[in-house]
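J.: The file below is run39.txt, compact mmCIF, C-alpha atoms:
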```
# COMPACT_ATOMS: atom_id res chain seq x y z
CA MET C 25 -46.78 -33.82 80.50
CA SER C 26 -50.11 -33.21 78.82
CA SER C 27 -50.50 -31.97 75.25
CA SER C 28 -54.14 -30.92 75.72
CA SER C 29 -53.43 -27.20 76.10
CA THR C 30 -51.81 -24.81 73.67
CA ALA C 31 -49.54 -22.13 75.09
CA PRO C 32 -50.07 -18.53 73.95
CA VAL C 33 -47.57 -17.62 71.23
CA THR C 34 -45.89 -14.27 70.66
CA ALA C 35 -44.53 -14.03 67.12
CA GLY C 36 -41.93 -11.51 66.07
CA THR C 37 -39.34 -10.64 63.44
CA LEU C 38 -35.70 -9.72 63.84
CA GLU C 39 -33.76 -7.88 61.18
CA VAL C 40 -30.31 -9.31 60.50
CA PRO C 41 -27.72 -7.88 58.08
CA ASP C 42 -28.80 -10.09 55.17
CA GLY C 43 -32.46 -10.75 55.92
CA ARG C 44 -35.31 -10.99 58.38
CA LEU C 45 -35.88 -13.83 60.87
CA HIS C 46 -39.25 -15.08 62.03
CA TYR C 47 -39.39 -16.29 65.63
CA GLU C 48 -41.98 -17.35 68.21
CA VAL C 49 -41.90 -17.30 72.01
CA ARG C 50 -44.05 -19.28 74.44
CA GLY C 51 -44.21 -19.67 78.21
CA GLN C 52 -42.17 -18.39 81.13
CA GLY C 53 -39.13 -19.72 82.95
CA PRO C 54 -35.61 -20.77 81.95
CA LEU C 55 -34.98 -20.27 78.24
CA VAL C 56 -35.03 -23.25 75.87
CA ALA C 57 -34.48 -22.75 72.14
CA LEU C 58 -35.64 -25.36 69.61
CA VAL C 59 -33.72 -25.24 66.33
CA ALA C 60 -34.38 -27.19 63.14
CA ALA C 61 -33.16 -27.14 59.54
CA PRO C 62 -34.78 -27.38 57.08
CA MET C 63 -38.00 -27.65 59.11
CA ASP C 64 -39.60 -24.43 60.27
CA ALA C 65 -40.94 -23.36 63.65
CA ASP C 66 -44.30 -25.05 63.05
CA ALA C 67 -42.73 -28.51 63.32
CA PHE C 68 -41.73 -27.79 66.92
CA ALA C 69 -45.08 -26.29 67.98
CA PRO C 70 -46.44 -29.33 69.89
CA LEU C 71 -43.14 -29.82 71.74
CA ALA C 72 -42.86 -26.09 72.42
CA ASP C 73 -46.37 -26.02 73.87
CA LEU C 74 -45.43 -28.77 76.32
CA LEU C 75 -42.13 -27.20 77.35
CA ALA C 76 -43.80 -23.80 77.83
CA ALA C 77 -45.40 -25.06 81.03
CA ALA C 78 -42.04 -24.56 82.76
CA HIS C 79 -39.85 -22.67 80.27
CA THR C 80 -39.62 -19.72 77.97
CA VAL C 81 -39.44 -21.49 74.59
CA LEU C 82 -37.97 -19.94 71.45
CA THR C 83 -38.65 -21.40 68.00
CA THR C 84 -37.68 -19.94 64.64
CA ASP C 85 -37.76 -20.54 60.91
CA PRO C 86 -34.17 -21.05 59.68
CA ARG C 87 -32.89 -18.49 57.20
CA GLY C 88 -34.31 -18.86 53.72
CA ILE C 89 -37.18 -21.09 54.91
CA HIS C 90 -40.87 -20.05 55.12
CA ARG C 91 -41.10 -16.74 57.00
CA SER C 92 -37.36 -16.10 57.48
CA VAL C 93 -36.56 -14.22 54.30
CA LEU C 94 -33.13 -13.46 52.86
CA HIS C 95 -32.41 -10.33 50.85
CA ASP C 96 -30.57 -12.60 48.40
CA PRO C 97 -32.63 -15.80 48.03
CA HIS C 98 -29.68 -17.46 46.25
CA GLN C 99 -27.39 -17.16 49.27
CA ASP C 100 -26.27 -20.44 50.82
CA SER C 101 -27.33 -21.33 54.35
CA THR C 102 -24.35 -22.57 56.38
CA PRO C 103 -24.34 -23.83 59.97
CA GLU C 104 -22.19 -20.84 60.92
CA LEU C 105 -24.69 -18.34 59.50
CA ARG C 106 -27.62 -20.13 61.13
CA ALA C 107 -25.74 -20.20 64.44
CA ASP C 108 -25.20 -16.45 64.17
CA ASP C 109 -28.94 -16.05 63.62
CA VAL C 110 -29.73 -18.03 66.77
CA SER C 111 -27.15 -16.00 68.69
CA ARG C 112 -28.83 -12.78 67.57
CA LEU C 113 -32.24 -14.10 68.61
CA LEU C 114 -30.95 -15.15 72.04
CA ALA C 115 -29.40 -11.71 72.52
CA HIS C 116 -32.65 -10.09 71.37
CA LEU C 117 -34.65 -12.00 73.99
CA ASP C 118 -32.03 -11.29 76.66
CA ALA C 119 -33.21 -14.23 78.76
CA GLY C 120 -30.19 -16.54 78.65
CA PRO C 121 -27.98 -18.37 78.94
CA ALA C 122 -30.18 -20.93 77.23
CA ALA C 123 -30.53 -24.63 76.77
CA VAL C 124 -30.73 -25.37 73.04
CA LEU C 125 -32.09 -28.43 71.25
CA GLY C 126 -31.19 -28.81 67.58
CA SER C 127 -32.62 -31.52 65.36
CA SER C 128 -31.13 -32.83 62.09
CA GLY C 129 -29.62 -29.84 60.27
CA GLY C 130 -30.53 -27.81 63.34
CA ALA C 131 -28.31 -30.11 65.40
CA VAL C 132 -25.41 -29.00 63.21
CA THR C 133 -26.49 -25.39 63.75
CA VAL C 134 -26.34 -25.71 67.53
CA LEU C 135 -22.91 -27.35 67.42
CA ALA C 136 -21.68 -24.28 65.54
CA LEU C 137 -23.47 -22.10 68.11
CA ALA C 138 -21.74 -23.81 71.04
CA ARG C 139 -18.38 -23.26 69.36
CA ALA C 140 -18.92 -19.62 68.41
CA HIS C 141 -21.06 -18.33 71.31
CA PRO C 142 -20.58 -20.60 74.35
CA GLU C 143 -21.46 -17.76 76.72
CA GLN C 144 -25.04 -17.83 75.43
CA VAL C 145 -25.76 -21.56 75.83
CA HIS C 146 -25.18 -23.67 78.92
CA THR C 147 -26.42 -26.91 77.31
CA VAL C 148 -26.65 -28.00 73.69
CA VAL C 149 -28.56 -31.13 72.70
CA ALA C 150 -27.61 -32.08 69.14
CA HIS C 151 -30.27 -34.60 68.09
CA GLU C 152 -29.14 -36.72 65.12
CA PRO C 153 -26.80 -34.34 63.28
CA PRO C 154 -26.13 -35.58 59.70
CA LEU C 155 -22.36 -35.05 59.83
CA LEU C 156 -21.29 -37.22 56.91
CA GLY C 157 -17.69 -36.09 57.24
CA LEU C 158 -17.34 -38.13 60.44
CA LEU C 159 -17.90 -41.44 58.63
CA PRO C 160 -15.14 -43.46 56.93
CA GLU C 161 -17.03 -43.70 53.60
CA ARG C 162 -17.72 -39.96 53.52
CA ARG C 163 -16.50 -39.50 49.94
CA GLU C 164 -18.98 -42.07 48.66
CA LEU C 165 -21.80 -40.61 50.74
CA LEU C 166 -21.11 -37.06 49.58
CA ALA C 167 -20.93 -38.20 45.95
CA ARG C 168 -24.33 -39.86 46.35
CA GLU C 169 -25.61 -36.64 47.90
CA ASP C 170 -24.35 -34.67 44.89
CA ASP C 171 -26.21 -37.13 42.66
CA MET C 172 -29.38 -36.58 44.69
CA ILE C 173 -29.13 -32.80 44.24
CA ALA C 174 -28.41 -33.15 40.52
CA THR C 175 -31.44 -35.41 40.19
CA TYR C 176 -33.62 -32.81 41.87
CA LEU C 177 -32.25 -30.00 39.69
CA GLY C 178 -32.93 -32.18 36.66
CA GLY C 179 -36.64 -32.08 37.52
CA ASP C 180 -36.99 -35.57 39.03
CA ARG C 181 -38.42 -34.77 42.44
CA LEU C 182 -39.46 -38.36 43.14
CA GLY C 183 -36.04 -39.71 42.11
CA ALA C 184 -34.32 -37.19 44.38
CA GLY C 185 -36.58 -38.19 47.26
CA ARG C 186 -35.79 -41.86 46.70
CA ARG C 187 -32.08 -41.06 46.71
CA PHE C 188 -32.47 -39.05 49.92
CA LEU C 189 -34.13 -41.98 51.68
CA ALA C 190 -31.58 -44.46 50.33
CA ASN C 191 -28.66 -42.28 51.44
CA ALA C 192 -30.22 -41.92 54.89
CA ASN C 193 -30.93 -45.69 55.02
CA ILE C 194 -34.59 -44.99 55.80
CA GLN C 195 -37.12 -47.55 54.55
CA LEU C 196 -40.69 -46.37 54.03
CA PRO C 197 -43.73 -48.00 52.38
CA GLU C 198 -44.10 -47.12 48.72
CA GLU C 199 -47.36 -45.26 49.29
CA VAL C 200 -45.63 -43.05 51.89
CA VAL C 201 -42.75 -42.32 49.50
CA LEU C 202 -45.20 -41.37 46.75
CA GLY C 203 -47.15 -39.21 49.18
CA MET C 204 -44.00 -37.37 50.21
CA PHE C 205 -42.29 -36.95 46.86
CA GLY C 206 -44.64 -38.05 44.10
CA GLY C 207 -46.73 -34.94 43.51
CA GLU C 208 -46.17 -31.24 43.17
CA PRO C 209 -45.98 -29.37 46.51
CA GLU C 210 -47.76 -26.09 47.00
CA PRO C 211 -45.66 -23.03 46.10
CA ARG C 212 -44.26 -22.17 49.52
CA ALA C 213 -43.31 -25.78 50.27
CA ALA C 214 -41.75 -26.02 46.81
CA ALA C 215 -39.67 -22.91 47.46
CA ASP C 216 -38.51 -24.27 50.83
CA GLU C 217 -37.66 -27.62 49.25
CA HIS C 218 -35.65 -25.94 46.49
CA PHE C 219 -33.74 -23.85 49.02
CA GLN C 220 -32.99 -26.97 51.06
CA TYR C 221 -31.60 -28.96 48.13
CA VAL C 222 -29.69 -26.12 46.50
CA HIS C 223 -28.52 -23.93 49.38
CA MET C 224 -28.65 -25.90 52.66
CA VAL C 225 -27.79 -29.58 52.30
CA ARG C 226 -24.14 -29.44 51.26
CA GLY C 227 -23.03 -26.91 53.87
CA THR C 228 -24.80 -28.85 56.60
CA THR C 229 -23.60 -32.38 55.89
CA ARG C 230 -20.04 -31.26 55.13
CA PHE C 231 -19.65 -29.27 58.35
CA ARG C 232 -16.75 -30.49 60.49
CA PRO C 233 -17.29 -29.66 64.15
CA ASP C 234 -14.36 -28.55 66.25
CA VAL C 235 -14.55 -31.58 68.51
CA ALA C 236 -11.72 -30.52 70.82
CA ALA C 237 -13.27 -27.09 71.40
CA LEU C 238 -16.70 -28.61 72.03
CA ARG C 239 -15.27 -31.25 74.36
CA ASP C 240 -13.18 -28.79 76.37
CA GLY C 241 -15.43 -25.73 76.21
CA PRO C 242 -17.80 -24.40 78.87
CA THR C 243 -20.99 -25.53 77.11
CA ARG C 244 -22.34 -28.97 77.95
CA VAL C 245 -22.78 -30.83 74.65
CA VAL C 246 -25.15 -33.81 74.53
CA VAL C 247 -25.62 -35.94 71.42
CA GLY C 248 -29.24 -37.09 71.11
CA LEU C 249 -30.23 -40.24 69.25
CA GLY C 250 -33.62 -41.76 68.46
CA GLU C 251 -34.30 -45.20 69.89
CA THR C 252 -35.75 -46.40 66.58
CA SER C 253 -33.06 -44.88 64.33
CA THR C 254 -30.81 -47.94 64.51
CA GLY C 255 -28.88 -48.44 61.29
CA GLN C 256 -29.85 -45.13 59.74
CA ILE C 257 -27.14 -42.74 58.64
CA CYS C 258 -27.86 -40.30 61.47
CA ASP C 259 -27.58 -43.12 63.98
CA ARG C 260 -24.03 -43.66 62.73
CA THR C 261 -23.10 -39.96 62.57
CA SER C 262 -24.51 -39.35 66.05
CA ARG C 263 -22.57 -42.25 67.53
CA ALA C 264 -19.41 -41.09 65.75
CA LEU C 265 -19.78 -37.60 67.18
CA ALA C 266 -20.48 -38.88 70.69
CA ALA C 267 -17.45 -41.16 70.52
CA ALA C 268 -15.26 -38.25 69.40
CA LEU C 269 -16.55 -36.20 72.32
CA GLY C 270 -15.91 -39.09 74.72
CA THR C 271 -19.56 -39.41 75.72
CA ALA C 272 -22.45 -41.79 75.18
CA PRO C 273 -25.48 -40.68 73.15
CA ALA C 274 -28.59 -39.69 75.11
CA MET C 275 -31.40 -41.87 73.81
CA PHE C 276 -34.72 -40.23 72.93
CA PRO C 277 -38.05 -41.85 72.09
CA GLY C 278 -38.89 -42.35 68.44
CA GLY C 279 -36.70 -41.85 65.43
CA HIS C 280 -35.20 -38.96 63.52
CA LEU C 281 -38.41 -36.97 64.00
CA GLY C 282 -39.22 -38.24 67.47
CA PHE C 283 -40.30 -34.77 68.61
CA VAL C 284 -43.04 -34.89 65.93
CA GLU C 285 -43.96 -38.56 66.40
CA ASP C 286 -44.54 -38.32 70.17
CA PRO C 287 -43.92 -34.80 71.50
CA THR C 288 -45.11 -35.74 75.00
CA ALA C 289 -42.58 -38.54 75.43
CA PHE C 290 -39.90 -36.44 73.77
CA ALA C 291 -40.57 -33.49 76.10
CA THR C 292 -40.34 -35.74 79.14
CA ARG C 293 -37.02 -37.15 77.99
CA LEU C 294 -35.66 -33.71 77.11
CA GLY C 295 -36.57 -32.51 80.60
CA GLU C 296 -34.60 -35.41 82.07
CA VAL C 297 -31.57 -34.64 79.91
CA LEU C 298 -31.62 -30.94 80.79
CA ALA C 299 -31.92 -31.73 84.50
CA ASP C 300 -29.05 -34.23 84.41
CA HIS C 301 -25.99 -32.05 84.87
```
Translate the structure described by the file into structure tokens.
T.:
Amino acid sequence: MSSSSTAPVTAGTLEVPDGRLHYEVRGQGPLVALVAAPMDADAFAPLADLLAAAHTVLTTDPRGIHRSVLHDPHQDSTPELRADDVSRLLAHLDAGPAAVLGSSGGAVTVLALARAHPEQVHTVVAHEPPLLGLLPERRELLAREDDMIATYLGGDRLGAGRRFLANANIQLPEEVVLGMFGGEPEPRAAADEHFQYVHMVRGTTRFRPDVAALRDGPTRVVVGLGETSTGQICDRTSRALAAALGTAPAMFPGGHLGFVEDPTAFATRLGEVLADH
């Protein structure tokens, strides 16, 4: 696949009972939805452009993030609510059933979607879901997560970022850490970051998927895992979920953000996974 061309994008909004969702559509063909949390639709744009050569591709900002605005900005974002949003968007497009890729918190969203609305999705690829409840030391991990959030709310953005990386077992050069967390983000990014820490993280990492229903249901559930994520917390949670489902993880190029690092290689691998029924 070539990343030299950019597919035309149709942007729209969908009113939901408690807010307004921003979504984007590219291409023509079988429907593929790309779902992230907390990242917005922009993060998926290069991958979506590539997939649009053979698919209709849906991307969206998750509720409370960037252009998807909630009537009550203090409302928590749970995987169930985000799954309902994706369900409403799929029904709005009326082009399904769809294949759905979810990454990170979005992977948790699509697991909830497969459980609640299996008639809308024939394949779910959950790429590195941070399901801390599947790990034996979950109480310790969740306590450290609470400490991270408290650190952020105490005004120490850099300290919270360091705790996030430590909890995820991600090692980065000091200059990269300072570049990510050391300064003050611009207002929109700051608002998204605040919403993530305060209203999104806990509900996402504490979600307990209905493994039996996912394993026995009509939707094909694939657990995706980055080839370079070895030893990170999402490597462990992904392997735990795959083992509970009785499957092996599908390996993808790159790490936790492989679709950003090398969208061309990621798109090729995703095409292989979707074709492998």
J.: Considering all atoms listed in the file, state which residue in the set C:Val201, C:Leu45, C:Leu71, C:Ala236 is at the smallest distance from Pro86 of chain C.
T.: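 The shortest atom-to-atom distance to Pro86 of chain C comes from C:Leu45.
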J.: As a PyMOL selection string, please: the residues near Val124 of chain C (cut-off 8 Å, all atoms listed in the file, same-chain neighbours under 2 positions excluded).
T.: chain C and resi 56-59+122+126+134+145+147-149
J.: List every protein, DNA or RNA residue that has at least one atom no more than 8 Å from (-24.0, -26.6, 66.2) in the file's coordinates, counting all atoms listed in the file, and write the result as a list in words.
T.: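 The residues that fall inside the cut-off are Pro103, Ala107, Gly126, Gly130, Ala131, Val132, Thr133, Val134, Leu135, Ala136, Leu137, Ala138, Arg139, Ala150 and Pro233 of chain C.
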J.: What's the separation between atom CA of Ala289 of chain C and atom CA of Leu158 of chain C, in Å to one decimal place?
T.: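 Distance between the two atoms: 29.4 Å.
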J.: Just the residues within 12 Å of Ala291 of chain C, please, counting all atoms listed in the file, with nothing from its chain fewer than 6 positions along; format it as a count of residues only.
T.: 27
J.: List the neighbours of segment 180-190 of chain C out to 12 Å using only C-alpha atoms; skip same-chain residues closer than 3 positions along the sequence, and give me the result as a PyMOL selection string.
T.: chain C and resi 165-177+193-198+200-209+214+217-218+221+225+255-258
J.: Would you export the selected residues with C-alpha atoms as a PDB file, in the frame of the given file, please?
T.:
```pdb
ATOM      1  CA  LEU C 165     -21.800 -40.610  50.740  1.00  0.00           C
ATOM      2  CA  LEU C 166     -21.110 -37.060  49.580  1.00  0.00           C
ATOM      3  CA  ALA C 167     -20.930 -38.200  45.950  1.00  0.00           C
ATOM      4  CA  ARG C 168     -24.330 -39.860  46.350  1.00  0.00           C
ATOM      5  CA  GLU C 169     -25.610 -36.640  47.900  1.00  0.00           C
ATOM      6  CA  ASP C 170     -24.350 -34.670  44.890  1.00  0.00           C
ATOM      7  CA  ASP C 171     -26.210 -37.130  42.660  1.00  0.00           C
ATOM      8  CA  MET C 172     -29.380 -36.580  44.690  1.00  0.00           C
ATOM      9  CA  ILE C 173     -29.130 -32.800  44.240  1.00  0.00           C
ATOM     10  CA  ALA C 174     -28.410 -33.150  40.520  1.00  0.00           C
ATOM     11  CA  THR C 175     -31.440 -35.410  40.190  1.00  0.00           C
ATOM     12  CA  TYR C 176     -33.620 -32.810  41.870  1.00  0.00           C
ATOM     13  CA  LEU C 177     -32.250 -30.000  39.690  1.00  0.00           C
ATOM     14  CA  ASN C 193     -30.930 -45.690  55.020  1.00  0.00           C
ATOM     15  CA  ILE C 194     -34.590 -44.990  55.800  1.00  0.00           C
ATOM     16  CA  GLN C 195     -37.120 -47.550  54.550  1.00  0.00           C
ATOM     17  CA  LEU C 196     -40.690 -46.370  54.030  1.00  0.00           C
ATOM     18  CA  PRO C 197     -43.730 -48.000  52.380  1.00  0.00           C
ATOM     19  CA  GLU C 198     -44.100 -47.120  48.720  1.00  0.00           C
ATOM     20  CA  VAL C 200     -45.630 -43.050  51.890  1.00  0.00           C
ATOM     21  CA  VAL C 201     -42.750 -42.320  49.500  1.00  0.00           C
ATOM     22  CA  LEU C 202     -45.200 -41.370  46.750  1.00  0.00           C
ATOM     23  CA  GLY C 203     -47.150 -39.210  49.180  1.00  0.00           C
ATOM     24  CA  MET C 204     -44.000 -37.370  50.210  1.00  0.00           C
ATOM     25  CA  PHE C 205     -42.290 -36.950  46.860  1.00  0.00           C
ATOM     26  CA  GLY C 206     -44.640 -38.050  44.100  1.00  0.00           C
ATOM     27  CA  GLY C 207     -46.730 -34.940  43.510  1.00  0.00           C
ATOM     28  CA  GLU C 208     -46.170 -31.240  43.170  1.00  0.00           C
ATOM     29  CA  PRO C 209     -45.980 -29.370  46.510  1.00  0.00           C
ATOM     30  CA  ALA C 214     -41.750 -26.020  46.810  1.00  0.00           C
ATOM     31  CA  GLU C 217     -37.660 -27.620  49.250  1.00  0.00           C
ATOM     32  CA  HIS C 218     -35.650 -25.940  46.490  1.00  0.00           C
ATOM     33  CA  TYR C 221     -31.600 -28.960  48.130  1.00  0.00           C
ATOM     34  CA  VAL C 225     -27.790 -29.580  52.300  1.00  0.00           C
ATOM     35  CA  GLY C 255     -28.880 -48.440  61.290  1.00  0.00           C
ATOM     36  CA  GLN C 256     -29.850 -45.130  59.740  1.00  0.00           C
ATOM     37  CA  ILE C 257     -27.140 -42.740  58.640  1.00  0.00           C
ATOM     38  CA  CYS C 258     -27.860 -40.300  61.470  1.00  0.00           C
TER      39      CYS C 258
END
```
J.: Give me, as a ChimeraX atom specification, all polymer residues having an atom no more than 8 Å from Gly248 of chain C, counting all atoms listed in the file and skipping those fewer than 2 positions away in the same chain.
T.: /C:149-152,246,250,262,273-276
J.: Considering all atoms listed in the file, state which residue in the set C:Pro154, C:Gly36, C:Gly53, C:Gly270 is at the smallest distance from Gly227 of chain C.
T.: C:Pro154
J.: Report the distance between atom CA of Val222 of chain C and atom CA of Arg163 of chain C in Å, rounded to one decimal place.
T.: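 That distance, rounded to one decimal, is 19.1 Å.
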J.: If I take atom CA of Arg293 of chain C and atom CA of Gly279 of chain C, how far is one from the other in Å, to one decimal?
T.: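 According to the coordinates, atom CA of Arg293 of chain C and atom CA of Gly279 of chain C are separated by 13.4 Å.
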